[in-house]
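What follows is a set of notes on a single structure, which appears directly below.
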Amino acid sequence: MSKKVLVIGEAREGSLRNVTFEAIAAGNIVSDGGEVVGVLCGAGDLSSMAQEMVYYGASRVITVANEELKTYTSDGYGQAIYQVIKDESPEGIIMGHTAIGKDVTPKLASRLESGLVSDATEVVVEDGNIVFTRPIYSGKAFEKKEITDGLVFATIRPNNIPALTRDDSLAGEVTEKEVEITNIRTIIKDVIKKSSEGVDLSEAKVIVAGGRGVKSSEGFEPLQELADTLNGTVGASRGACDAGYCDYSLQIGQTGKVVTPDLYIACGISGAIQHLAGMSNSKVIVAINKDPEANIFNVADYGIVGDLFDVVPKLIEEVKQMKVNA
Amino acid sequence: MNIFVLLKRTFDTEEKISVANGKIEDDSAEYIINPYDEYAVEEAIKIRDEHGGEVTVVTIGEEDAEKQLRTALAMGADQAVLINTEDDLEEGDQFTTVKILEAFFADRDVDLILGGNVAIDEASGQVGPRLAERLDMPCVTTITKIEIDGTTVTIDRDVEGDVEKVETSLPLLVTCQQGLNEPRYPSLPGIMKAKKKPLEELELDDLDLEEDDVEPKTKTTEIFLPPEKQAGKVLEGETADQVKELVSLLKTEAKVL
Ligand SMILES: Cc1cc2nc3c(=O)[nH]c(=O)nc-3n(C[C@H](O)[C@H](O)[C@H](O)COP(=O)(O)OP(=O)(O)OC[C@H]3O[C@@H](n4cnc5c(N)ncnc54)[C@H](O)[C@@H]3O)c2cc1C
Ligand SMILES: Cc1cc2nc3c(=O)[nH]c(=O)nc-3n(C[C@H](O)[C@H](O)[C@H](O)COP(=O)(O)OP(=O)(O)OC[C@H]3O[C@@H](n4cnc5c(N)ncnc54)[C@H](O)[C@@H]3O)c2cc1C
């Protein structure tokens, strides 16, 4: 049965996050031939980002610009999106499972008294039912989940559902909606940037991660260089964070970030089960460890047994060489 | 201050997972307090010690969850409530859980509710913000620091690695993130005292709820394990050759470069 689906877009530092396009693709599946309506909240001129959502497959886009939406607050965004939902009466809503998605979607679902499937990695239509797949027990198992009552509401994990190909011949209406926003109960006083510029870990295509084997914060420098060479970003085990070699914002695992990059290079990481919980679903895993018995080799596609301080610099050179030859 | 902690009993993080008859096997599993809820218990105790009041730990579950509640009492919480659904309900989801919690909080005086930002088993991360919405309270998720001064609350919030400085006020619901504190281990005297602390058991009836009121909005149709990973290739030879081979494999075989 075809459905009208709202896809809530998300911008970061002035441009749309990739997960927005993935959410449009998911919305397209859920809509089953119906309408995919993009929604974008923020301040100032949102029209070019809205246009971008059309090129990635939204049938039309509603923008909600308001000074109160310049920075995200759950009250502000909650009210804005709720008003759009009331106007549009959608049968489905899809958003990225990002910091914002995790914060706002449960509140909306609660207000609408609807179900919500969080952190889906796949969505398909089976015999007319919309079936989501999501990891449980930290990726040690998966479940298939359906909404049994009313609105089909879900968040999707970044990097899992492929976006549609951008097509700038696509056309769709962009409309502005005025909303009233009152009573924001949580005031953001300041934001201290700790994450490195550019890609967020959860959306990175390449991650070079370091563990206790990296031995110091200086030890992370070659890892950073390798990441830069591969247009990737740096992550870490809790061992490395606990030892103070890097910031906790880089931690990957059960109590850190969950990542699914195309390429994950683990350097000096033993592969504790709690670390694997955050990265074992990566598409390709490379392990560099001097202990041939390290558990990380059990999940790695390719392993190098050796000293990371010897291997990583050589790897940087080799990748640079490859780029020159290409 | 009336401080409440939402606590979920979960599998130990070390547990291997197996599936039988479409369900996660739980016969021999070791259970713990969801790690994020441990941060919540610790922070609640600290806040009570500084500002006075009482810490009540609440869980929805079955009889077995008493063990985790006793652990929280041994850490220093004052009392515990087990909302036992064993006899009343077969199925549930986040909607169910929050409907029950909403009924529990309906006639209670609340200043602060602390929960985990996510439970490591079903891991939706919905319960905290969903409940805040029902109770019409402000909600701050993934907090790494909290200070209370009168009814003004200042919070550090982790947003994908960046730190947001937030100001809000009581009554309030927060969800805890790693980095908030180092949960204490229960001391021996703590464990002794915990045995005598009040642990109340409630059923749906006591909350004026019927089975129909809490009927889930979602259902799980299948549970399965991820495909076994094939043994990887450990490269051999001189480091320089291994590195060359690796780059070539990543390019031609894995096609990720
Ligand atoms: C409730 C709970 C939650 C947790 N959550 C997380 C989480 O989210 N993320 C996480 O990562 N951990 C988590 N942990 C911790 C986890 O159990 C491990 O302690 C941690 O992952 C170990 O980090 P590591 O691999 O860097 O360190 P280690 O286990 O000490 O391993 C270091 C590795 O480096 C290798 N090495 C040393 N020197 C070199 C060298 N020169 N070259 C190459 N290799 C070298 C060693 O052979 C070793 O294998 C959690 C634990 C608990 C109990
Ligand atoms: C009879 C019954 C059967 C159920 N069967 C299923 C099932 O088969 N599959 C399923 O997914 N869910 C089931 N549930 C619901 C489930 O037990 C969880 O409470 C709910 O799904 C939230 O889990 P979560 O891991 O998504 O929590 P999250 O939203 O990730 O948890 C965040 C935080 O909310 C709090 N919290 C979560 N759960 C509880 C709780 N039970 N008690 C107190 N605080 C809590 C904790 O502070 C936790 O850190 C059932 C519930 C009932 C009553």
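Each chain of the structure tokens is named A, B, ... in the order shown, its residues numbered from 1; ligands are numbered from 1 in display order.
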
| task | Can you tell me which residues come within 6 Å of ligand 2 when counting only C-alpha atoms and all ligand atoms, ideally as a ChimeraX atom specification? | result | /B:6-8,36-37,58-61,85,89-94,97,115-119,121-128

Put those residues in a file: N, CA and C atoms, as a JSON list (two decimals), in the first residue's frame.
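Saved the output as part.json:
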[["chain", "number", "residue", "atom", "x", "y", "z"],
["B", 6, "LEU", "N", 15.91, 5.07, 36.64],
["B", 6, "LEU", "CA", 15.33, 4.01, 35.82],
["B", 6, "LEU", "C", 16.41, 2.98, 35.56],
["B", 7, "LEU", "N", 16.15, 1.76, 35.96],
["B", 7, "LEU", "CA", 17.19, 0.75, 35.86],
["B", 7, "LEU", "C", 16.70, -0.45, 35.08],
["B", 8, "LYS", "N", 17.51, -0.91, 34.15],
["B", 8, "LYS", "CA", 17.17, -2.11, 33.39],
["B", 8, "LYS", "C", 18.21, -3.19, 33.66],
["B", 36, "TYR", "N", 24.95, 1.94, 31.56],
["B", 36, "TYR", "CA", 24.59, 3.36, 31.62],
["B", 36, "TYR", "C", 23.71, 3.68, 32.83],
["B", 37, "ASP", "N", 22.97, 2.67, 33.28],
["B", 37, "ASP", "CA", 22.12, 2.89, 34.45],
["B", 37, "ASP", "C", 22.95, 2.89, 35.73],
["B", 58, "VAL", "N", 13.89, 2.27, 40.11],
["B", 58, "VAL", "CA", 12.69, 1.63, 39.58],
["B", 58, "VAL", "C", 13.04, 0.75, 38.40],
["B", 59, "THR", "N", 12.53, -0.46, 38.40],
["B", 59, "THR", "CA", 12.70, -1.29, 37.23],
["B", 59, "THR", "C", 11.39, -1.98, 36.86],
["B", 60, "ILE", "N", 11.20, -2.19, 35.56],
["B", 60, "ILE", "CA", 10.10, -3.02, 35.09],
["B", 60, "ILE", "C", 10.73, -4.33, 34.65],
["B", 61, "GLY", "N", 10.25, -5.41, 35.18],
["B", 61, "GLY", "CA", 10.85, -6.68, 34.81],
["B", 61, "GLY", "C", 10.19, -7.82, 35.55],
["B", 85, "THR", "N", 5.88, -7.60, 35.80],
["B", 85, "THR", "CA", 4.87, -7.81, 34.75],
["B", 85, "THR", "C", 4.72, -9.29, 34.40],
["B", 89, "LEU", "N", 1.75, -9.76, 31.57],
["B", 89, "LEU", "CA", 2.06, -9.45, 30.18],
["B", 89, "LEU", "C", 2.93, -10.50, 29.52],
["B", 90, "GLU", "N", 2.64, -10.74, 28.24],
["B", 90, "GLU", "CA", 3.46, -11.63, 27.43],
["B", 90, "GLU", "C", 4.45, -10.81, 26.61],
["B", 91, "GLU", "N", 3.93, -9.69, 26.11],
["B", 91, "GLU", "CA", 4.71, -8.91, 25.15],
["B", 91, "GLU", "C", 4.79, -7.46, 25.57],
["B", 92, "GLY", "N", 5.79, -6.79, 25.04],
["B", 92, "GLY", "CA", 5.89, -5.37, 25.33],
["B", 92, "GLY", "C", 6.89, -4.73, 24.40],
["B", 93, "ASP", "N", 6.87, -3.42, 24.34],
["B", 93, "ASP", "CA", 7.91, -2.70, 23.63],
["B", 93, "ASP", "C", 8.16, -1.39, 24.38],
["B", 94, "GLN", "N", 8.80, -0.43, 23.73],
["B", 94, "GLN", "CA", 9.14, 0.82, 24.41],
["B", 94, "GLN", "C", 7.88, 1.58, 24.80],
["B", 97, "THR", "N", 6.65, -0.06, 28.04],
["B", 97, "THR", "CA", 7.50, 0.30, 29.17],
["B", 97, "THR", "C", 7.19, 1.72, 29.65],
["B", 115, "GLY", "N", 18.12, 8.20, 33.87],
["B", 115, "GLY", "CA", 18.09, 6.90, 33.20],
["B", 115, "GLY", "C", 19.38, 6.72, 32.42],
["B", 116, "GLY", "N", 19.51, 5.58, 31.77],
["B", 116, "GLY", "CA", 20.64, 5.38, 30.89],
["B", 116, "GLY", "C", 20.32, 5.97, 29.53],
["B", 117, "ASN", "N", 21.35, 6.28, 28.74],
["B", 117, "ASN", "CA", 21.05, 6.85, 27.43],
["B", 117, "ASN", "C", 20.60, 5.75, 26.48],
["B", 118, "VAL", "N", 21.00, 4.51, 26.78],
["B", 118, "VAL", "CA", 20.55, 3.38, 25.97],
["B", 118, "VAL", "C", 20.76, 2.12, 26.80],
["B", 119, "ALA", "N", 19.94, 1.11, 26.57],
["B", 119, "ALA", "CA", 20.17, -0.19, 27.21],
["B", 119, "ALA", "C", 20.92, -1.04, 26.21],
["B", 121, "ASP", "N", 20.95, -4.10, 25.48],
["B", 121, "ASP", "CA", 20.34, -5.26, 24.82],
["B", 121, "ASP", "C", 19.42, -4.83, 23.66],
["B", 122, "GLU", "N", 18.24, -4.32, 23.97],
["B", 122, "GLU", "CA", 17.34, -3.93, 22.87],
["B", 122, "GLU", "C", 17.70, -2.57, 22.29],
["B", 123, "ALA", "N", 18.37, -1.76, 23.07],
["B", 123, "ALA", "CA", 19.12, -0.62, 22.58],
["B", 123, "ALA", "C", 18.37, 0.39, 21.71],
["B", 124, "SER", "N", 17.15, 0.73, 22.07],
["B", 124, "SER", "CA", 16.46, 1.73, 21.27],
["B", 124, "SER", "C", 16.80, 3.14, 21.72],
["B", 125, "GLY", "N", 17.16, 3.30, 22.98],
["B", 125, "GLY", "CA", 17.41, 4.64, 23.51],
["B", 125, "GLY", "C", 16.15, 5.49, 23.60],
["B", 126, "GLN", "N", 14.99, 4.85, 23.57],
["B", 126, "GLN", "CA", 13.74, 5.62, 23.53],
["B", 126, "GLN", "C", 13.17, 5.96, 24.90],
["B", 127, "VAL", "N", 13.41, 5.10, 25.89],
["B", 127, "VAL", "CA", 12.63, 5.17, 27.12],
["B", 127, "VAL", "C", 12.74, 6.53, 27.83],
["B", 128, "GLY", "N", 13.96, 7.07, 27.96],
["B", 128, "GLY", "CA", 14.12, 8.35, 28.65],
["B", 128, "GLY", "C", 13.32, 9.48, 28.01]]

| message | What residues of the protein or nucleic acid chains come within 7 Å of ligand 1 when you use only C-alpha atoms and all ligand atoms? Reply as a PyMOL selection string. | response | (chain A and resi 210-214+236-240+251-256+267-275+278+288-291+294+306-309) or (chain B and resi 13+35)

| request: Using DSSP on the backbone coordinates, identify the residues of range 177-213 of chain B assigned to alpha helix (DSSP H); present them as a ChimeraX atom specification. | output: /B:188-194

For the selection just defined, write its residues with N, CA and C atoms to a file, as a CSV table (one decimal), in the first residue's frame.
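Final file, result-v3.csv:
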chain,number,residue,atom,x,y,z
B,188,LEU,N,31.0,-4.0,51.5
B,188,LEU,CA,30.4,-5.0,52.3
B,188,LEU,C,29.3,-4.5,53.3
B,189,PRO,N,29.6,-3.4,54.0
B,189,PRO,CA,28.5,-2.9,54.9
B,189,PRO,C,27.3,-2.5,54.0
B,190,GLY,N,27.6,-1.9,52.9
B,190,GLY,CA,26.5,-1.5,51.9
B,190,GLY,C,25.6,-2.7,51.6
B,191,ILE,N,26.3,-3.8,51.3
B,191,ILE,CA,25.5,-5.0,50.9
B,191,ILE,C,24.7,-5.5,52.1
B,192,MET,N,25.2,-5.4,53.3
B,192,MET,CA,24.5,-5.8,54.5
B,192,MET,C,23.2,-4.9,54.7
B,193,LYS,N,23.5,-3.6,54.6
B,193,LYS,CA,22.4,-2.7,54.7
B,193,LYS,C,21.3,-2.8,53.7
B,194,ALA,N,21.7,-3.2,52.5
B,194,ALA,CA,20.8,-3.3,51.3
B,194,ALA,C,19.7,-4.3,51.6

| field | All residues 10 Å or closer to Thr20 in chain A, only C-alpha atoms, same chain fewer than 6 positions away omitted, as number ranges by chain | value | A: 7-11, 26, 38, 40, 53, 56, 94-96, 156, 158, 163

| request: From a DSSP pass on the backbone, collect the residues of range 9-200 of chain A flagged as strand (DSSP E or B) and hand them back as a PyMOL selection string. | output: chain A and resi 11-12+15-16+35-42+60-65+92-96+117-120+122-126+129-136+141-147+152-156+173-176+187-192
